[in-house]
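One file, entry-v8.cif, is given below (mmCIF, C-alpha atoms).
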```cif
data_target
#
loop_
_atom_site.label_atom_id
_atom_site.label_comp_id
_atom_site.auth_asym_id
_atom_site.auth_seq_id
_atom_site.Cartn_x
_atom_site.Cartn_y
_atom_site.Cartn_z
CA MET K 121 28.27 0.17 -15.74
CA SER K 122 25.01 -0.50 -14.00
CA ARG K 123 23.29 2.10 -11.87
CA SER K 124 24.70 2.45 -8.40
CA VAL K 125 22.40 2.11 -5.41
CA PRO K 126 22.16 5.31 -3.33
CA TRP K 127 23.85 4.84 0.02
CA ARG K 128 20.76 5.87 1.97
CA ILE K 129 18.76 3.11 0.37
CA ARG K 130 21.54 0.60 0.95
CA LEU K 131 21.69 1.71 4.58
CA ALA K 132 17.93 1.45 5.08
CA GLN K 133 17.67 -1.97 3.49
CA HIS K 134 20.82 -3.64 4.69
CA LEU K 135 21.46 -2.03 8.04
CA VAL K 136 18.08 -1.01 9.43
CA GLY K 137 16.13 -3.60 7.49
CA ILE K 138 13.40 -1.36 6.04
CA ASN K 139 12.17 -3.21 2.95
CA GLY K 140 15.09 -5.47 3.71
CA ALA K 141 13.34 -8.54 2.37
CA ALA K 142 13.31 -7.17 -1.18
CA TYR K 143 16.03 -8.52 -3.42
CA TRP K 144 16.22 -5.26 -5.33
CA PRO K 145 16.90 -1.69 -4.16
CA MET K 146 13.80 -0.12 -2.72
CA HIS K 147 13.15 3.22 -1.08
CA PRO K 148 12.33 3.08 2.66
CA ASP K 149 9.14 5.06 2.02
CA SER K 150 7.83 2.48 -0.42
CA GLN K 151 5.65 -0.36 0.70
CA LEU K 152 6.10 -3.96 -0.29
CA ALA K 153 4.13 -7.12 0.27
CA TYR K 154 5.34 -10.63 -0.59
CA PRO K 155 8.74 -9.98 -2.23
CA ASN K 156 9.13 -13.66 -3.08
CA ARG K 157 6.20 -13.47 -5.50
CA VAL K 158 7.94 -10.88 -7.69
CA LEU K 159 9.84 -12.08 -10.72
CA LEU K 160 12.12 -9.21 -11.59
CA GLY K 161 14.00 -8.58 -14.81
CA ARG K 162 17.39 -6.97 -15.15
CA ASP K 163 17.87 -3.30 -14.40
CA SER K 164 14.35 -2.60 -13.17
CA TRP K 165 13.78 -1.56 -9.60
CA PRO K 166 10.13 -1.13 -8.67
CA GLY K 167 9.80 1.08 -5.64
CA ILE K 168 13.17 2.79 -5.94
CA GLU K 169 11.19 6.02 -5.96
CA PRO K 170 9.38 6.89 -2.72
CA LEU K 171 5.71 6.20 -1.97
CA CYS K 172 5.38 3.26 -4.30
CA TYR K 173 3.28 0.27 -3.35
CA VAL K 174 4.30 -3.12 -4.70
CA SER K 175 1.63 -5.53 -3.59
CA ALA K 176 2.60 -8.89 -4.99
CA ASN K 177 0.22 -11.20 -3.20
CA MET K 178 -0.94 -12.68 -6.51
CA GLY K 179 2.41 -12.35 -8.27
CA ILE K 180 4.07 -9.68 -10.35
CA VAL K 181 6.34 -10.33 -13.32
CA ILE K 182 8.45 -7.36 -14.36
CA GLY K 183 10.62 -7.34 -17.45
CA ASP K 184 14.02 -5.82 -18.13
CA GLY K 185 14.78 -2.13 -17.97
CA VAL K 186 11.43 -1.02 -16.60
CA ARG K 187 11.35 2.52 -15.22
CA ILE K 188 8.84 3.19 -12.46
CA GLY K 189 8.16 6.62 -11.00
CA ARG K 190 7.01 7.67 -7.58
CA GLU K 191 3.58 7.00 -6.04
CA VAL K 192 3.11 4.12 -8.44
CA GLY K 193 0.95 1.24 -7.30
CA LEU K 194 1.59 -2.22 -8.70
CA ILE K 195 -1.44 -3.99 -7.29
CA SER K 196 -1.65 -7.67 -8.06
CA GLY K 197 -4.44 -8.86 -5.79
CA ASP K 198 -8.09 -7.97 -6.10
CA HIS K 199 -10.01 -7.72 -2.84
CA ASP K 200 -13.18 -9.68 -2.52
CA PRO K 201 -15.60 -6.74 -2.33
CA THR K 202 -17.86 -8.42 0.19
CA ARG K 203 -15.04 -9.47 2.48
CA LEU K 204 -12.03 -7.23 2.05
CA THR K 205 -9.56 -9.39 3.89
CA SER K 206 -9.77 -12.15 1.29
CA TYR K 207 -8.54 -11.92 -2.25
CA VAL K 208 -9.81 -13.08 -5.62
CA GLN K 209 -7.62 -15.48 -7.55
CA VAL K 210 -6.21 -13.72 -10.63
CA ASP K 211 -3.32 -14.21 -12.99
CA PRO K 212 -0.13 -12.42 -12.12
CA GLN K 213 0.43 -8.92 -13.32
CA VAL K 214 2.92 -8.76 -16.18
CA ILE K 215 4.89 -5.67 -17.12
CA GLY K 216 6.92 -6.03 -20.30
CA ASN K 217 10.48 -5.05 -21.02
CA HIS K 218 11.43 -1.38 -21.15
CA CYS K 219 8.06 -0.10 -20.02
CA ILE K 220 7.95 3.34 -18.50
CA ILE K 221 5.42 3.87 -15.73
CA GLU K 222 5.27 7.50 -14.80
CA GLU K 223 4.44 8.84 -11.40
CA GLY K 224 1.08 8.41 -9.76
CA CYS K 225 0.02 5.49 -11.95
CA THR K 226 -1.79 2.47 -10.66
CA ILE K 227 -1.64 -0.89 -12.40
CA LEU K 228 -4.56 -3.06 -11.39
CA PRO K 229 -4.63 -6.85 -10.91
CA GLY K 230 -4.36 -9.23 -13.81
CA VAL K 231 -3.12 -6.59 -16.23
CA GLU K 232 -0.50 -7.44 -18.79
CA LEU K 233 1.50 -4.69 -20.46
CA ALA K 234 3.43 -5.40 -23.65
CA ASP K 235 7.03 -4.34 -24.18
CA PHE K 236 8.02 -0.68 -24.50
CA CYS K 237 4.70 0.67 -23.24
CA ILE K 238 4.52 4.09 -21.64
CA VAL K 239 1.89 4.77 -18.99
CA THR K 240 1.51 8.50 -18.51
CA ARG K 241 1.13 10.31 -15.21
CA GLY K 242 -1.75 9.43 -12.99
CA SER K 243 -3.27 6.79 -15.24
CA VAL K 244 -5.03 3.70 -14.01
CA VAL K 245 -4.39 0.64 -16.14
CA THR K 246 -7.44 -1.57 -15.76
CA LYS K 247 -7.18 -3.72 -18.90
CA SER K 248 -4.30 -5.53 -20.55
CA CYS K 249 -2.48 -3.78 -23.35
CA LEU K 250 -0.85 -6.32 -25.63
CA GLN K 251 0.22 -3.82 -28.27
CA PRO K 252 3.95 -3.06 -27.97
CA ARG K 253 5.12 0.55 -27.93
CA ALA K 254 1.71 1.86 -26.92
CA VAL K 255 1.21 5.02 -24.93
CA LEU K 256 -1.52 4.61 -22.32
CA SER K 257 -3.23 7.48 -20.64
CA GLY K 258 -6.27 8.31 -18.59
CA ASN K 259 -8.46 6.84 -15.88
CA PRO K 260 -9.21 4.13 -17.00
CA ALA K 261 -6.20 4.03 -19.29
CA LYS K 262 -6.72 3.90 -23.03
CA VAL K 263 -4.17 3.58 -25.78
CA VAL K 264 -3.71 7.11 -27.07
CA GLY K 265 -0.87 6.45 -29.48
CA THR K 266 2.38 4.72 -30.10
CA HIS K 267 5.93 5.86 -29.80
CA ASP K 268 9.21 4.77 -31.32
CA ARG K 269 11.48 6.03 -28.65
CA PRO K 270 14.67 3.95 -28.58
CA ALA K 271 15.00 2.04 -25.37
CA PRO K 272 18.20 2.72 -23.46
CA SER K 273 20.46 -0.29 -23.55
CA ILE K 274 20.79 -2.34 -20.41
CA PRO K 275 24.32 -2.39 -19.05
CA ALA K 276 26.06 -5.71 -19.38
CA ASP K 277 26.67 -6.10 -15.66
CA ALA K 278 23.14 -5.17 -14.57
CA GLY K 279 21.64 -7.80 -12.33
CA HIS K 280 18.12 -8.65 -11.25
CA GLY K 281 18.13 -6.16 -8.41
CA TYR K 282 20.92 -7.23 -6.12
CA VAL K 283 21.11 -10.70 -7.64
CA PRO K 284 23.72 -11.00 -10.40
CA ALA K 285 22.31 -12.16 -13.71
CA ALA K 286 24.37 -15.35 -13.66
CA ASP K 287 22.91 -16.42 -10.33
CA PHE K 288 19.33 -15.45 -10.95
CA ASP K 289 18.16 -18.77 -12.31
CA ALA K 290 19.30 -20.58 -9.18
CA PHE K 291 17.88 -17.80 -7.03
CA ALA K 292 14.48 -17.91 -8.69
CA ARG K 293 14.26 -21.70 -8.55
CA ARG K 294 15.07 -21.69 -4.91
CA ASN K 295 13.20 -18.73 -3.50
CA LEU K 296 10.30 -17.53 -5.62
CA ARG K 297 6.80 -18.81 -5.02
CA HIS K 298 6.34 -20.36 -8.42
CA GLN K 299 2.61 -20.95 -8.16
CA TYR K 300 2.09 -17.21 -8.35
CA LEU K 301 4.12 -16.69 -11.52
CA GLY K 302 1.51 -17.94 -14.01
CA ARG K 303 2.91 -18.93 -17.38
CA PHE K 304 6.39 -17.88 -16.27
CA ARG K 305 6.62 -20.62 -13.72
CA ALA K 306 7.57 -23.32 -16.19
CA ALA K 307 11.03 -21.88 -16.71
CA PHE K 308 11.78 -22.26 -13.02
CA THR K 309 10.03 -25.46 -12.10
CA ALA K 310 11.45 -27.55 -14.97
CA PRO K 311 14.75 -29.26 -14.13
CA ALA K 312 17.76 -27.07 -14.69
CA PRO K 313 19.57 -27.72 -17.98
CA GLY K 314 22.83 -28.42 -16.24
CA ALA K 315 21.35 -30.57 -13.48
CA SER K 316 22.08 -34.26 -13.49
CA MET P 248 25.65 -14.46 -2.76
CA SER P 249 24.86 -17.10 -0.20
CA ARG P 250 22.68 -14.59 1.66
CA LEU P 251 20.70 -13.81 -1.44
CA LEU P 252 20.45 -17.46 -2.44
CA ASN P 253 18.44 -18.04 0.70
CA MET P 254 16.61 -14.72 0.32
CA GLN P 255 17.71 -13.60 3.73
CA MET P 256 18.17 -10.10 4.97
CA SER P 257 21.71 -8.95 5.59
CA TRP P 258 23.15 -9.89 8.98
CA PRO P 259 22.87 -6.40 10.52
CA ALA P 260 19.28 -6.16 9.38
CA THR P 261 18.61 -9.63 10.77
CA ALA P 262 20.07 -8.62 14.11
CA VAL P 263 17.99 -5.45 14.18
CA ASP P 264 14.92 -7.49 13.28
CA ARG P 265 15.56 -9.94 16.12
CA LEU P 266 15.94 -7.08 18.57
CA ARG P 267 12.75 -5.50 17.31
CA ARG P 268 10.80 -8.72 17.72
CA LEU P 269 12.17 -9.14 21.21
CA PHE P 270 11.18 -5.58 22.08
CA GLU P 271 7.68 -6.05 20.70
CA ALA P 272 7.18 -9.33 22.51
CA ARG P 273 8.35 -7.95 25.86
CA PHE P 274 6.82 -4.48 25.53
CA HIS P 275 3.68 -5.27 27.53
CA ARG P 276 5.74 -6.50 30.47
CA LEU P 277 7.34 -3.08 30.80
CA THR P 278 4.38 -0.85 30.05
CA GLY P 279 1.26 -2.98 30.39
CA LYS P 280 0.23 -2.09 26.83
CA ARG P 281 -0.38 -5.06 24.60
CA PHE P 282 -0.88 -3.42 21.20
CA PHE P 283 2.24 -4.93 19.66
CA VAL P 284 1.14 -8.49 20.39
CA ASP P 285 -2.60 -8.04 20.04
CA THR P 286 -2.57 -6.33 16.65
CA ALA P 287 0.10 -8.63 15.21
CA GLN P 288 -1.95 -10.46 12.57
CA THR P 289 -4.57 -7.80 11.90
CA GLN P 290 -5.08 -5.39 9.00
CA VAL P 291 -3.26 -2.55 10.69
CA ASP P 292 -0.60 -4.09 12.87
CA VAL P 293 1.50 -1.69 14.89
CA HIS P 294 5.07 -1.79 13.61
CA PHE P 295 7.95 -0.82 15.80
CA ARG P 296 8.98 1.78 13.23
CA MET P 297 5.63 3.54 13.45
CA TRP P 298 5.62 3.47 17.23
CA PHE P 299 9.19 4.80 17.30
CA TRP P 300 8.53 7.74 15.01
CA GLN P 301 5.27 8.68 16.70
CA ARG P 302 5.98 8.10 20.35
CA ILE P 303 9.73 8.71 20.56
CA MET P 304 10.53 11.08 17.71
CA ARG P 305 7.09 12.76 18.10
CA ARG P 306 6.31 12.85 14.40
CA ASN P 307 2.51 12.76 14.01
CA ALA P 308 2.51 12.39 17.77
CA ASP P 309 -1.08 13.54 18.26
CA ALA P 310 -2.44 10.66 16.19
CA TYR P 311 -3.73 7.92 18.46
CA TRP P 312 -3.43 5.25 15.79
CA PRO P 313 -0.30 3.85 14.08
CA VAL P 314 0.85 6.02 11.22
CA HIS P 315 3.63 5.40 8.74
CA PRO P 316 6.53 7.86 9.08
CA SER P 317 6.02 9.05 5.51
CA THR P 318 2.42 10.14 6.03
CA ARG P 319 1.22 13.42 7.42
CA VAL P 320 -1.67 13.78 9.83
CA ARG P 321 -3.05 17.15 10.81
CA GLY P 322 -5.88 17.75 13.22
CA ALA P 323 -5.86 14.22 14.64
CA ARG P 324 -8.01 15.52 17.49
CA PHE P 325 -10.95 15.79 15.12
CA VAL P 326 -10.52 12.35 13.59
CA VAL P 327 -12.64 9.55 15.02
CA ILE P 328 -11.83 6.07 13.78
CA GLY P 329 -13.44 2.73 14.41
CA PRO P 330 -11.63 -0.44 15.37
CA GLU P 331 -8.97 -1.81 13.08
CA THR P 332 -8.77 1.04 10.65
CA SER P 333 -5.88 3.45 10.52
CA PRO P 334 -5.77 6.29 8.02
CA GLY P 335 -2.11 6.77 7.25
CA TRP P 336 -0.95 3.31 8.21
CA SER P 337 0.14 2.97 4.58
CA VAL P 338 2.82 5.10 3.03
CA GLY P 339 2.39 8.64 1.84
CA CYS P 340 -1.11 9.41 3.06
CA ASP P 341 -2.11 12.97 3.80
CA ILE P 342 -4.86 13.11 6.39
CA ASP P 343 -6.14 16.59 7.13
CA GLY P 344 -8.63 16.10 9.94
CA ARG P 345 -9.15 19.71 10.94
CA GLY P 346 -12.69 19.69 9.56
CA GLY P 347 -13.67 16.43 11.27
CA ILE P 348 -13.27 12.92 9.84
CA TYR P 349 -15.07 9.74 10.80
CA ILE P 350 -13.82 6.42 9.46
CA GLY P 351 -15.87 3.33 10.16
CA ASP P 352 -14.80 -0.02 11.48
CA TYR P 353 -12.45 -2.27 9.51
CA THR P 354 -12.12 0.15 6.62
CA GLN P 355 -8.94 -0.35 4.62
CA ILE P 356 -6.98 2.64 3.42
CA ALA P 357 -4.34 2.20 0.77
CA PRO P 358 -1.11 4.18 0.23
CA THR P 359 -1.11 7.85 -0.80
CA VAL P 360 -4.73 8.51 0.09
CA ARG P 361 -5.50 12.18 0.65
CA MET P 362 -8.35 13.30 2.85
CA ARG P 363 -9.09 16.98 2.70
CA SER P 364 -11.68 17.74 5.34
CA VAL P 365 -11.12 21.48 5.03
CA ALA P 366 -12.31 22.80 1.68
CA GLU P 367 -9.70 24.27 -0.60
CA GLY P 368 -8.95 27.89 0.20
CA GLN P 369 -10.84 27.96 3.49
CA ALA P 370 -9.27 28.39 6.88
CA PRO P 371 -10.13 25.73 9.46
CA THR P 372 -12.51 27.11 12.07
CA GLY P 373 -11.48 25.88 15.48
CA ALA P 374 -13.37 22.82 16.60
CA PRO P 375 -15.83 21.56 13.99
CA GLY P 376 -19.18 20.49 15.38
CA ASP P 377 -19.72 17.79 12.80
CA PHE P 378 -17.76 15.47 10.55
CA SER P 379 -16.80 16.93 7.23
CA ILE P 380 -15.81 13.52 5.85
CA SER P 381 -17.59 10.40 6.95
CA ILE P 382 -16.60 7.00 5.59
CA GLY P 383 -18.60 3.93 6.45
CA LYS P 384 -17.64 0.54 7.78
CA TYR P 385 -15.88 -2.18 5.79
CA SER P 386 -14.98 0.23 3.00
CA LEU P 387 -11.89 0.32 0.87
CA LEU P 388 -10.08 3.42 -0.31
CA THR P 389 -7.56 2.27 -2.90
CA MET P 390 -4.37 3.94 -4.01
CA ASN P 391 -4.11 7.65 -4.74
CA VAL P 392 -7.72 8.39 -3.81
CA THR P 393 -8.55 11.95 -2.81
CA VAL P 394 -11.58 12.53 -0.62
CA GLU P 395 -12.84 16.09 -0.66
CA ALA P 396 -14.65 17.92 2.13
CA GLY P 397 -18.34 17.25 2.71
CA VAL P 398 -18.29 13.65 1.45
CA ARG P 399 -20.41 10.94 3.07
CA LEU P 400 -19.71 7.37 2.05
CA GLY P 401 -21.79 4.48 3.35
CA ASP P 402 -20.73 1.02 4.45
CA PHE P 403 -19.06 -1.31 1.97
CA THR P 404 -18.02 1.44 -0.40
CA ILE P 405 -15.09 0.61 -2.64
CA VAL P 406 -13.38 3.60 -4.17
CA GLY P 407 -11.35 2.83 -7.28
CA ALA P 408 -7.75 3.82 -7.79
CA ASN P 409 -6.77 7.43 -8.52
CA SER P 410 -10.31 8.70 -8.09
CA VAL P 411 -11.34 11.99 -6.56
CA VAL P 412 -14.45 11.67 -4.42
CA THR P 413 -16.41 14.90 -4.49
CA ASP P 414 -19.98 13.60 -4.14
CA SER P 415 -21.58 11.63 -1.35
CA PHE P 416 -22.76 8.04 -1.71
CA PRO P 417 -24.44 7.61 1.66
CA GLU P 418 -26.30 4.39 0.80
CA GLY P 419 -23.03 2.43 0.47
CA HIS P 420 -22.71 -1.08 -1.00
CA CYS P 421 -21.22 0.23 -4.23
CA VAL P 422 -18.06 0.62 -6.23
CA ILE P 423 -17.25 4.16 -7.23
CA ALA P 424 -14.36 5.36 -9.36
CA GLY P 425 -13.22 8.16 -11.61
CA ASN P 426 -12.51 11.85 -11.37
CA PRO P 427 -15.00 12.95 -10.10
CA ALA P 428 -16.04 9.60 -8.64
CA ARG P 429 -19.16 8.06 -10.19
CA LEU P 430 -21.08 4.93 -9.43
CA ILE P 431 -19.57 1.94 -11.26
CA LYS P 432 -21.32 -1.01 -9.73
CA ARG P 433 -23.62 -1.91 -6.89
CA LEU P 434 -22.86 -4.68 -4.46
CA ASP P 435 -25.43 -7.05 -3.09
CA PRO P 436 -25.98 -5.98 0.53
CA ALA P 437 -26.98 -9.51 1.50
CA ALA P 438 -23.63 -10.90 0.36
CA CYS P 439 -21.57 -8.36 2.27
CA GLU P 440 -20.06 -9.85 5.35
CA HIS P 441 -19.98 -8.01 8.68
CA TRP P 442 -17.02 -9.64 10.34
CA GLN P 443 -15.43 -8.70 13.64
CA ARG P 444 -12.18 -9.22 15.42
CA ALA P 445 -12.15 -10.94 18.78
CA VAL P 446 -9.98 -8.27 20.43
CA PRO P 447 -10.58 -5.13 18.41
CA TYR P 448 -8.14 -2.26 18.69
CA VAL P 449 -8.76 1.38 17.89
CA GLY P 450 -5.26 2.38 16.88
CA TYR P 451 -3.10 1.81 19.93
CA THR P 452 -6.04 1.45 22.29
CA PRO P 453 -8.25 -1.61 22.90
CA LEU P 454 -11.88 -0.96 22.07
CA ALA P 455 -12.82 -1.70 25.68
CA GLU P 456 -10.76 1.28 26.83
CA ILE P 457 -11.98 3.69 24.17
CA ALA P 458 -13.31 6.11 26.80
CA THR P 459 -9.77 7.00 27.84
CA LEU P 460 -9.27 8.75 24.52
CA ARG P 461 -12.13 11.16 25.05
CA GLY P 462 -10.87 14.67 25.58
CA LYS P 463 -7.27 13.53 25.73
CA TYR P 464 -6.81 12.60 22.10
CA ILE P 465 -10.25 13.09 20.55
CA ASP P 466 -12.45 16.14 20.64
CA PRO P 467 -15.29 15.31 23.12
CA VAL P 468 -18.09 16.57 20.87
CA LEU P 469 -17.06 14.38 17.96
CA PHE P 470 -16.29 11.47 20.26
CA ASP P 471 -19.80 11.48 21.70
CA ARG P 472 -21.35 11.42 18.25
CA ILE P 473 -19.81 8.03 17.56
CA TRP P 474 -19.15 6.44 20.91
CA GLY P 475 -21.70 8.30 23.01
CA ALA P 476 -24.21 5.45 23.17
CA ALA P 477 -21.59 2.90 24.14
#
```
Produce structure tokens that represent the structure in this file.
Amino acid sequence: MSRSVPWRIRLAQHLVGINGAAYWPMHPDSQLAYPNRVLLGRDSWPGIEPLCYVSANMGIVIGDGVRIGREVGLISGDHDPTRLTSYVQVDPQVIGNHCIIEEGCTILPGVELADFCIVTRGSVVTKSCLQPRAVLSGNPAKVVGTHDRPAPSIPADAGHGYVPAADFDAFARRNLRHQYLGRFRAAFTAPAPGAS
Amino acid sequence: MSRLLNMQMSWPATAVDRLRRLFEARFHRLTGKRFFVDTAQTQVDVHFRMWFWQRIMRRNADAYWPVHPSTRVRGARFVVIGPETSPGWSVGCDIDGRGGIYIGDYTQIAPTVRMRSVAEGQAPTGAPGDFSISIGKYSLLTMNVTVEAGVRLGDFTIVGANSVVTDSFPEGHCVIAGNPARLIKRLDPAACEHWQRAVPYVGYTPLAEIATLRGKYIDPVLFDRIWGAA
């Protein structure tokens, strides 16, 4: 049984339209930019906690079963420091499967986190961490250890946000901005296996 | 599924969105105020939701700039902002202006930024004669930044994520980060671009009509320090 969406969040997104463009459940007090540049895995809802900022202008790829706390910033675009309204081209931010991002963290542009990483409270991840099961901490974040915590299993009926898992391939091909998905774009721009 | 296949909002949300757009487009015909249309493509565009919570529900009603319903603004009378910058436009900011805050033109302020213009443990003393926090033009405060009282930041200062600014960097043109914030990098002042908007807005007010805010929304002493020459 997958997690149920709180009725307040369903109301805000689907009746009032606050964060209504997101295809996953998102708190009305979270902020979102460019939802169609987010490639979301199963059972991970960035911004379900309040005060998150998901800024996907250069693409964010999030794996399965990622847990994200409140006040977390997933920042994918780097401002040009001399002209703040323009952005530097960077690779998309990648967050691996079953990562845990605790509250108050900020993940900076171009960062890639391996699977099962834990980012502790208030850390700022400035560099990629390709070591699975690492524990990152500090500002800027450093690997302070590893953990072997078993990841909770993903329920069989969990979808990619509101999109059921069976439909996600068609959804991603049709709607996501593939040029912002980096090395993940190939899976969605190649012809579908069943297509004639 | 067909709705999600086209990445559309649900039909009630679409209807509400249409109504909102209609309201924003016609608002100036009813009231003569053009901030919905004029700030539409700028850094801090006025959203209907912000206007509704501030002007109708009176949450953060004394702020004269658009503020997200999840942020808290205190002492907005002692906050002077330049055009196209709005502390608290993003989610979860906590702006305590009771000690006096100046924020320069076109400065961007990210979500959950805290500005503490009254030092910890001190009671605010009526009207401050000077700005406790002063942030220059074209700066960037990124996520989760805390600015403490008595901080002066120059133009083109970029404050890194999750940093706590306790010291002043009045010369500007630098990147600072950390807790406490330290100098990370200097920017080339010649490369920094001073751009301007054709119709600049200070919050809800056009820059040309800035004088109407004096005394009504902004403390006159602090107002004259910034806008006195103009």
Write out as a ChimeraX atom specification the residues lying within 8 Å of segment 216-227 of chain K, counting only C-alpha atoms and excluding same-chain residues fewer than 5 positions away. /K:161,182-195,232-246,271 /P:390-391,408-409
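With the cut-off set to 7 Å and all atoms listed in the file counted, chain P residues close to chain K are Leu251, Leu252, Asn253, Met254, Gln255, Met256, Ser257, Pro259, Ala260, Val263, Ser317, Val338, Gly339, Pro358, Met390, Ala408, Asn409, Gly425, Ala438, Cys439 and Glu440 of chain P.
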Just write the chosen residues, C-alpha atoms, as a short mmCIF file (atom, residue, chain, number, x, y, z; two decimals), keeping the file's coordinate frame.
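Result saved to result16.cif:
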```
data_model
loop_
_atom_site.label_atom_id
_atom_site.label_comp_id
_atom_site.auth_asym_id
_atom_site.auth_seq_id
_atom_site.Cartn_x
_atom_site.Cartn_y
_atom_site.Cartn_z
CA LEU P 251 20.70 -13.81 -1.44
CA LEU P 252 20.45 -17.46 -2.44
CA ASN P 253 18.44 -18.04 0.70
CA MET P 254 16.61 -14.72 0.32
CA GLN P 255 17.71 -13.60 3.73
CA MET P 256 18.17 -10.10 4.97
CA SER P 257 21.71 -8.95 5.59
CA PRO P 259 22.87 -6.40 10.52
CA ALA P 260 19.28 -6.16 9.38
CA VAL P 263 17.99 -5.45 14.18
CA SER P 317 6.02 9.05 5.51
CA VAL P 338 2.82 5.10 3.03
CA GLY P 339 2.39 8.64 1.84
CA PRO P 358 -1.11 4.18 0.23
CA MET P 390 -4.37 3.94 -4.01
CA ALA P 408 -7.75 3.82 -7.79
CA ASN P 409 -6.77 7.43 -8.52
CA GLY P 425 -13.22 8.16 -11.61
CA ALA P 438 -23.63 -10.90 0.36
CA CYS P 439 -21.57 -8.36 2.27
CA GLU P 440 -20.06 -9.85 5.35
#
```
Using atom CA of Asp414 of chain P and atom CA of Ile328 of chain P as the two end points, give the distance in Å to one decimal. 21.1 Å
Report as a ChimeraX atom specification the residues that result from applying the PyMOL selection byres ((chain P and resi 281-283) around 6) to the structure here. /P:271,275,280,284-286,293,451
Arg268 of chain P: which residues within 10 Å, counting only C-alpha atoms, same-chain residues fewer than 6 positions away excluded, as a ChimeraX atom specification? /P:262,274,283,294-295
Exactly which residues make up the result of the PyMOL selection byres ((chain P and resi 377) around 8) on this file, given as a ChimeraX atom specification? /P:346-347,375-376,378-379,469
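The space between atom CA of Pro436 of chain P and atom CA of Ala357 of chain P spans 23.1 Å.
Coordinates place atom CA of Trp298 of chain P at a distance of 10.9 Å from atom CA of Gly450 of chain P.
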Tell me, as a PyMOL selection string, which residues lie within 12 Å of segment 208-212 of chain K, counting all atoms listed in the file; anything in the same chain fewer than 6 positions away does not count. chain K and resi 157-159+175-182+194-202+227-233+248+297-305
Contacts of Lys432 of chain P at 9 Å (all atoms listed in the file; same-chain gap of 3+ positions) as a VMD selection string: chain P and resid 420 to 423
Dump as a VMD selection string all residues having an atom at most 9 Å from (18.1, 6.0, -3.2), computed in the file's coordinates with all atoms listed in the file. chain K and resid 125 to 130 145 to 148 168 to 170
Residues returned when the PyMOL selection byres ((chain P and resi 447) around 12) runs on this file, as an NGL selection string: :P and (281-282 or 285-292 or 329-332 or 352-353 or 442-446 or 448-457)
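Remark: for Thr372 of chain P, the closest of the candidate residues P:Val392, P:Phe325, P:Arg265, P:Gly401 is P:Phe325 (distances computed over only C-alpha atoms).
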Counting all atoms listed in the file, which residues have an atom no more than 9 Å from (-2.7, 4.8, 6.8) in the file's coordinates? Please list them as an NGL selection string. :P and (291 or 313-315 or 318 or 332-342 or 355-360)
